[in-house]
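Take a look at the structure set out below.
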Amino acid sequence: MKHAVVAVVLGVGCGGAGAGDDGPDGGVAPDGDPACTRPALDAPWLSGYLGDVVGELAAAPRATVTQRNTARAYLANQLSILGWSAQEHAFNNGSNVYATLPATTGSEPEIIVGAHFDTVAGSPGANDNASGTAVVLAVARYLQDVPCRNAPVTVVMFDLEEAGLFGSRAFAAQRLPAQVRAVHTIDQVAWDADGDRRFELELPTPALADEYRASAQRVGVTVTTTTTEGTDHQAFRERGFAAIGLTEEYVGGDTSPYRHLAMDTAATVAMPYLELAAKLTADVIMREVSP
Ligand SMILES: [Zn+2]
């Protein structure tokens with residue numbers, strides 16, 4: 001469920017990724033404390049991990065109570081394997097899965113990174129939205145290797161987005177905008193038929209647009225801003241949070257033709273593009289928490 005409007009080009013083309021001590025091949029120390037490293041974006045585990053998560057989730061639709069229970073158990077287990085303490089946030093007709101990695105220093109406002117894990121009935125939802133869910137888990141995995149964190153980071157897998165943003169609205173109601181720096185939600189990031197490595201930033205604040213533009217240059221992708229709503233970031237924005245949605249070229253027209261259909265299978269996922277989505281998101285989040 002999405003409705004869209006105008007697109008504005010912001011970013012740079014391919015080839016923005018360079019070497020150097022601020023580049024994507026990092027393992028680099030942020031300015032200041034040499035012990036405060038960030039892991040390299042080119043992680044050896046990334047491709048296999050994203051593929052495993054999408055493959056597991058998209059083995060079946062995640063629409064019925066039983067299907068969503070199965071998916072939640074898998075997601076909670078994945079968070080536990082990564083060393084995060086998984087929790088459930090039950091609301092009247094569903095339940096989100098989330099975990100918070102505490103800050104190691106300071107008391108900056110929380111950072112939230114989320115994606116919906118549910119599907120419409122009958123669709124395995126590899127693109128919509130096992131892809132975004134896999135990116136959120138990959139961000140959690142990167143953050144394991146960020147020792148200096150000035151803010152807590154919460155990763156959350158939302159239930160019942162397809163039914164009307166129920167999970168994200170229930171989760172947003174549990175937080176206060178003044179205590180949250182930014183909310184990042186990811187929905188459909190596995191289709192790039194024209195190979196242009198372009199992503200859309202949905203209704204970013206100016207500050208968030210700047211962060212994504214800078215990370216896009218480092219990762220070597222292009223970003224365009226749009227005014228698309230109808231997915232989880234809307235639930236936070238309508239309560240006053242600084243929020244952004246990341247997606248494939250939904251407004252631009254290079255988007256999965258299989259959305260909400262039985263053909264939205266793992267076989268249709270553009271793995272190199274999904275890896276870029278994970279690197280882009282991880283670069284933004286790691287620099288927010290460990291500048
Ligand atoms: Zn979706």
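Naming scheme: A, B, ... for chains in displayed order of the structure tokens; residues 1 onward per chain; ligands 1 onward as shown.
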
Listing only residues of chain A within 9 Å of ligand 1, what is the closest atom pair and its distance in Å (to one decimal) for each, using only C-alpha atoms and all ligand atoms, sorted by chain and residue number ascending, as a tab-separated table?
residue	atom	partner	partner_atom_place_in_ligand_line	distance
A:Met1	CA	ligand 1	1 (Zn)	6.7
A:Lys2	CA	ligand 1	1 (Zn)	8.1
A:Ala115	CA	ligand 1	1 (Zn)	8.1
A:His116	CA	ligand 1	1 (Zn)	6.6
A:Phe117	CA	ligand 1	1 (Zn)	8.2
A:Asp118	CA	ligand 1	1 (Zn)	8.2
A:Thr119	CA	ligand 1	1 (Zn)	7.5
A:Gly125	CA	ligand 1	1 (Zn)	8.3
A:Asn127	CA	ligand 1	1 (Zn)	8.0
A:Asp128	CA	ligand 1	1 (Zn)	4.6
A:Asn129	CA	ligand 1	1 (Zn)	5.1
A:Ala130	CA	ligand 1	1 (Zn)	8.9
A:Gly132	CA	ligand 1	1 (Zn)	8.3
A:Glu161	CA	ligand 1	1 (Zn)	7.0
A:Glu162	CA	ligand 1	1 (Zn)	6.7
A:Ile186	CA	ligand 1	1 (Zn)	8.3
A:Asp187	CA	ligand 1	1 (Zn)	4.9
A:Gln188	CA	ligand 1	1 (Zn)	6.0
A:Gly230	CA	ligand 1	1 (Zn)	9.0
A:Thr231	CA	ligand 1	1 (Zn)	6.6
A:Asp232	CA	ligand 1	1 (Zn)	8.4
A:Arg259	CA	ligand 1	1 (Zn)	8.4
A:His260	CA	ligand 1	1 (Zn)	8.7

Helix (DSSP H, G or I) positions in range 125-241 of chain A, given as number ranges by chain: A: 126-143, 166-172, 177-179, 206-219, 232-237

For Ala58 in chain A, please output as a PDB file with C-alpha atoms, in the first residue's frame all residues within 8 Å (counting only C-alpha atoms; exclusion window: fewer than 2 positions along the same chain).
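Writing done, so here's around_13.pdb:
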ATOM      1  CA  VAL A  54      14.980 -13.490   2.346  1.00  0.00           C
ATOM      2  CA  GLY A  55      14.940 -17.196   1.525  1.00  0.00           C
ATOM      3  CA  GLU A  56      13.684 -18.182   4.961  1.00  0.00           C
ATOM      4  CA  ALA A  60       5.696 -18.757   2.757  1.00  0.00           C
ATOM      5  CA  PRO A  61       3.312 -15.802   3.008  1.00  0.00           C
ATOM      6  CA  PRO A 124       5.545 -14.810  -0.202  1.00  0.00           C
ATOM      7  CA  GLY A 125       6.639 -11.184  -0.080  1.00  0.00           C
ATOM      8  CA  ALA A 126      10.313 -11.538  -0.944  1.00  0.00           C
ATOM      9  CA  ALA A 130      11.502  -9.697   3.323  1.00  0.00           C
ATOM     10  CA  THR A 265       9.509 -14.890  -4.629  1.00  0.00           C
ATOM     11  CA  ALA A 266      13.163 -14.959  -3.590  1.00  0.00           C
TER      12      ALA A 266
END

At what distance in Å, to one decimal, does CA of Arg287 in chain A lie from CA of Gly252 in chain A?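 Calculated distance between CA of Gly252 in chain A and CA of Arg287 in chain A is 28.1 Å.
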
Would you list, as a PyMOL selection string, the residues of range 35-188 of chain A that end up in strand (DSSP E) under DSSP run on this structure's backbone? chain A and resi 87-91+94-101+110-116+153-158+180-186

Would you mind telling me which residue in A:Arg198, A:His233, A:Ala267, A:Glu211 lies nearest to Tyr250 in chain A when using only C-alpha atoms?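 That would be A:Arg198, the residue with the smallest distance to Tyr250 in chain A.
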
Using Å and a single decimal, report how far CA of Thr104 in chain A sits from CA of Val156 in chain A.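 CA of Thr104 in chain A lies 20.0 Å from CA of Val156 in chain A.
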
Could you check how far CA of Phe166 in chain A sits from CA of Phe236 in chain A, in Å to one decimal?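 Computed distance, CA of Phe166 in chain A to CA of Phe236 in chain A, equals 11.6 Å.
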
Residues near His184 in chain A, cut-off 12 Å, only C-alpha atoms, skip fewer than 6 positions along chain, as an MDAnalysis selection string: chainID A and resid 110:116 132 135:136 139 153:157 168 201:205 208:209 211:212 231:237 241:247 280:282 284:285 288

Under the rule that only C-alpha atoms are counted, which of A:Pro102, A:Gly195, A:Gly94, A:Pro34 is the nearest residue to Ala163 in chain A?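 Closest to Ala163 in chain A, using only C-alpha atoms: A:Gly94.
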